[in-house]
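So the structure is just underneath, and the comments pick up after that.
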Amino acid sequence: MLFLIDNFETQSSCPLCQADMAIKWQKDTIPYFGDIMYTTATCDQCTFKFADTIILSSKDPVCYSLQIKTGADLDARFIRSTSGTIVIEELGIMVEPGPISESYVTNVEGVLQRIRGVIESTVRWSEMDGDFEKVDIALDLINKIDAVIDNPETAPAALTLQIKDPLGNSAIISANAESRKLNEEELENLKTGMIILDAEKDEIIYDISDEAGPIGKNE
């Protein structure tokens, strides 16, 4: 049984060298996310480091969507928890949570810039591999994102930003944003990318380690 006190340590083994390693747990409250638990660990033998954020509550599964039409839409606040999946259907882009997902609060433009940065990395790797067809596809995506960032009203292709969260901890804060409850089919296909704790029962109800893949497979 896991008791959710504010600060405590547990003992574990380093996944790389198997040396004894302490995991530190610290409870906190974050605006828009509610109660969370930080976990950090450092191995003194091989310098392996680990950090994660566990959300201690969940809400109704939700999808927020915002069609980016104006500069005000670019400024809309965007809250992504570690269980949120970002979707831009017009670009065929989906950013799923994984074992090293991060939560953040930014604006819509900030999300587009993050995605643009990932695509730029794809361009560099594809050029090194000689895959110039993939380079052309990636550059086209960058051009479409840049057009919306520069001026959504004159961009040749409109973009709709979605955030789907099975735990309901993500959101787009804007009068122009639409929200709806996720249906069962959507929930079956969404990842949480995290450990979920039931604060009332003091128990783990889902453990990402059961399905965790190689680091870097998911964001």
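We name chains A, B, ... following the order of the structure tokens; residues begin at 1 in each chain, and ligands are numbered from 1 as shown.
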Contact table stretch 47-120 of chain A vs stretch 155-159 of chain A, cut-off 7 Å, shortest pair per residue, only C-alpha atoms, as JSON lines:
```
{"residue": "A:Gln67", "atom": "CA", "partner": "A:Leu159", "partner_atom": "CA", "distance": 5.9}
{"residue": "A:Ile68", "atom": "CA", "partner": "A:Leu159", "partner_atom": "CA", "distance": 5.8}
{"residue": "A:Ile88", "atom": "CA", "partner": "A:Leu159", "partner_atom": "CA", "distance": 6.8}
{"residue": "A:Glu90", "atom": "CA", "partner": "A:Leu159", "partner_atom": "CA", "distance": 6.1}
```
task = as a ChimeraX atom specification, please: all residues of stretch 11-201 of chain A that backbone DSSP puts in strand (DSSP E or B).
result = /A:11-13,20-30,34-42,49-55,62-68,77-80,85-88,93-95,104-107,159-165,171-173,178-181,196-198
Hey, what's within 7 Å of stretch 133-141 of chain A if we count only C-alpha atoms and toss same-chain stuff fewer than 6 positions away? As a tab-separated table (two decimals) with all heavy atoms, in the first residue's frame, please?
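Contents of selection.tsv, freshly written:
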```
chain	number	residue	atom	x	y	z
A	91	LEU	N	-2.23	17.87	-40.70
A	91	LEU	CA	-0.83	17.56	-40.97
A	91	LEU	C	-0.52	16.08	-40.79
A	91	LEU	O	0.61	15.64	-41.04
A	91	LEU	CB	0.09	18.38	-40.06
A	91	LEU	CG	-0.03	19.90	-40.15
A	91	LEU	CD1	0.96	20.56	-39.20
A	91	LEU	CD2	0.18	20.39	-41.57
A	119	ILE	N	10.07	18.19	-36.18
A	119	ILE	CA	10.11	17.95	-37.63
A	119	ILE	C	11.47	18.38	-38.19
A	119	ILE	O	12.02	17.72	-39.09
A	119	ILE	CB	8.96	18.69	-38.33
A	119	ILE	CG1	7.62	18.16	-37.84
A	119	ILE	CG2	9.06	18.52	-39.85
A	119	ILE	CD1	6.43	18.95	-38.35
A	123	VAL	N	14.17	16.26	-40.47
A	123	VAL	CA	14.83	16.70	-41.71
A	123	VAL	C	16.33	16.38	-41.65
A	123	VAL	O	16.90	15.83	-42.60
A	123	VAL	CB	14.61	18.21	-41.94
A	123	VAL	CG1	15.48	18.70	-43.11
A	123	VAL	CG2	13.14	18.49	-42.23
A	126	SER	N	16.95	12.63	-41.84
A	126	SER	CA	16.61	12.10	-43.16
A	126	SER	C	17.66	12.49	-44.20
A	126	SER	O	17.98	11.72	-45.10
A	126	SER	CB	15.22	12.60	-43.59
A	126	SER	OG	14.23	12.14	-42.70
A	127	GLU	N	18.20	13.72	-44.07
A	127	GLU	CA	19.27	14.14	-44.98
A	127	GLU	C	20.50	13.27	-44.79
A	127	GLU	O	21.17	12.89	-45.77
A	127	GLU	CB	19.60	15.61	-44.74
A	127	GLU	CG	18.54	16.57	-45.26
A	127	GLU	CD	18.85	18.02	-44.91
A	127	GLU	OE1	19.65	18.24	-43.97
A	127	GLU	OE2	18.31	18.92	-45.57
```
task = Please identify all polymer residues within 9 Å of A:Asp6, counting only C-alpha atoms, omitting same-chain residues fewer than 4 positions from it, and present them as a VMD selection string.
result = chain A and resid 25 to 28 37
Could you write those residues out with N, CA and C atoms, as an mmCIF file, in the first residue's frame?
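Contents of the output file part-v2.cif:
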```cif
data_model
loop_
_atom_site.group_PDB
_atom_site.id
_atom_site.type_symbol
_atom_site.label_atom_id
_atom_site.label_comp_id
_atom_site.auth_asym_id
_atom_site.auth_seq_id
_atom_site.Cartn_x
_atom_site.Cartn_y
_atom_site.Cartn_z
ATOM 1 N N TRP A 25 10.313 11.036 -3.429
ATOM 2 C CA TRP A 25 8.944 11.380 -3.795
ATOM 3 C C TRP A 25 8.569 12.680 -3.097
ATOM 4 N N GLN A 26 8.024 13.639 -3.850
ATOM 5 C CA GLN A 26 7.633 14.921 -3.274
ATOM 6 C C GLN A 26 6.276 15.346 -3.837
ATOM 7 N N LYS A 27 5.328 15.587 -2.933
ATOM 8 C CA LYS A 27 3.988 15.982 -3.339
ATOM 9 C C LYS A 27 3.919 17.493 -3.524
ATOM 10 N N ASP A 28 3.118 17.937 -4.493
ATOM 11 C CA ASP A 28 2.973 19.365 -4.762
ATOM 12 C C ASP A 28 1.602 19.595 -5.396
ATOM 13 N N MET A 37 2.773 14.270 -7.831
ATOM 14 C CA MET A 37 3.899 13.717 -7.090
ATOM 15 C C MET A 37 5.115 13.692 -8.008
#
```
message = Nearest residue to A:Lys24 out of A:Ala76, A:Ile36, A:Ala41, A:Ile142, using only C-alpha atoms?
response =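 Smallest separation from A:Lys24 among the options: A:Ala41.
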query = Given the choices A:Leu16, A:Ile93, A:Val108, A:Ala22, which gets closest to A:Ile172 if the distance is worked out from only C-alpha atoms?
reply =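 Among A:Leu16, A:Ile93, A:Val108, A:Ala22, it is A:Val108 that comes nearest to A:Ile172.
Between atom CA of A:Lys59 and atom CA of A:Ser174 lies a distance of 19.4 Å.
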inquiry  = When you look at A:Pro31 with a cut-off of 10 Å (counting only C-alpha atoms), what residues show up, excluding the ones that are within fewer than 3 positions of it in the same chain? I need them as JSON, numbers by chain.
reply    = {"A": [34, 35, 79, 105]}
Dump as a PDB file, in the first residue's frame, selection limited to all heavy atoms:
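Output file part_30.pdb follows:
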```pdb
ATOM      1  N   GLY A  34      -3.640  20.186 -10.526  1.00  0.00           N
ATOM      2  CA  GLY A  34      -4.051  19.689  -9.218  1.00  0.00           C
ATOM      3  C   GLY A  34      -2.880  19.068  -8.475  1.00  0.00           C
ATOM      4  O   GLY A  34      -1.719  19.438  -8.666  1.00  0.00           O
ATOM      5  N   ASP A  35      -3.175  18.084  -7.602  1.00  0.00           N
ATOM      6  CA  ASP A  35      -2.133  17.428  -6.813  1.00  0.00           C
ATOM      7  C   ASP A  35      -1.291  16.511  -7.694  1.00  0.00           C
ATOM      8  O   ASP A  35      -1.828  15.716  -8.479  1.00  0.00           O
ATOM      9  CB  ASP A  35      -2.753  16.601  -5.681  1.00  0.00           C
ATOM     10  CG  ASP A  35      -3.366  17.486  -4.602  1.00  0.00           C
ATOM     11  OD1 ASP A  35      -2.946  18.651  -4.505  1.00  0.00           O
ATOM     12  OD2 ASP A  35      -4.250  17.005  -3.875  1.00  0.00           O
ATOM     13  N   ILE A  79      -2.708  23.538 -22.028  1.00  0.00           N
ATOM     14  CA  ILE A  79      -2.241  22.747 -20.897  1.00  0.00           C
ATOM     15  C   ILE A  79      -2.158  21.297 -21.326  1.00  0.00           C
ATOM     16  O   ILE A  79      -3.168  20.693 -21.687  1.00  0.00           O
ATOM     17  CB  ILE A  79      -3.168  22.879 -19.685  1.00  0.00           C
ATOM     18  CG1 ILE A  79      -3.269  24.347 -19.250  1.00  0.00           C
ATOM     19  CG2 ILE A  79      -2.695  22.024 -18.527  1.00  0.00           C
ATOM     20  CD1 ILE A  79      -4.631  24.914 -19.422  1.00  0.00           C
ATOM     21  N   VAL A 105       2.647  23.925 -19.519  1.00  0.00           N
ATOM     22  CA  VAL A 105       1.654  24.946 -19.817  1.00  0.00           C
ATOM     23  C   VAL A 105       2.305  25.947 -20.745  1.00  0.00           C
ATOM     24  O   VAL A 105       3.352  26.515 -20.431  1.00  0.00           O
ATOM     25  CB  VAL A 105       1.151  25.650 -18.542  1.00  0.00           C
ATOM     26  CG1 VAL A 105       0.139  26.733 -18.888  1.00  0.00           C
ATOM     27  CG2 VAL A 105       0.535  24.646 -17.576  1.00  0.00           C
TER      28      VAL A 105
END
```
inquiry  = Write out as a count of residues only the set of residues from stretch 76-209 of chain A that DSSP, computed on the backbone, places in helix (DSSP H, G or I).
reply    = 51
message = Could you list, as a PyMOL selection string, every residue within 12 Å of A:Pro166, counting only C-alpha atoms and ignoring same-chain residues fewer than 5 positions away?
response = chain A and resi 57-64+80-85+96-97+171+180-194+196
key: Residue nearest A:Thr106 among A:Thr39, A:Ser170, A:Ser179, A:Gln18 (counting only C-alpha atoms)   =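 Residue with the minimum atom-to-atom distance to A:Thr106: A:Ser170.
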task = Please provide as a ChimeraX atom specification all residues within 8 Å of stretch 110-117 of chain A, with the sequence filter that same-chain residues fewer than 6 positions apart are discarded (counting only C-alpha atoms).
result = /A:78,142,145,149
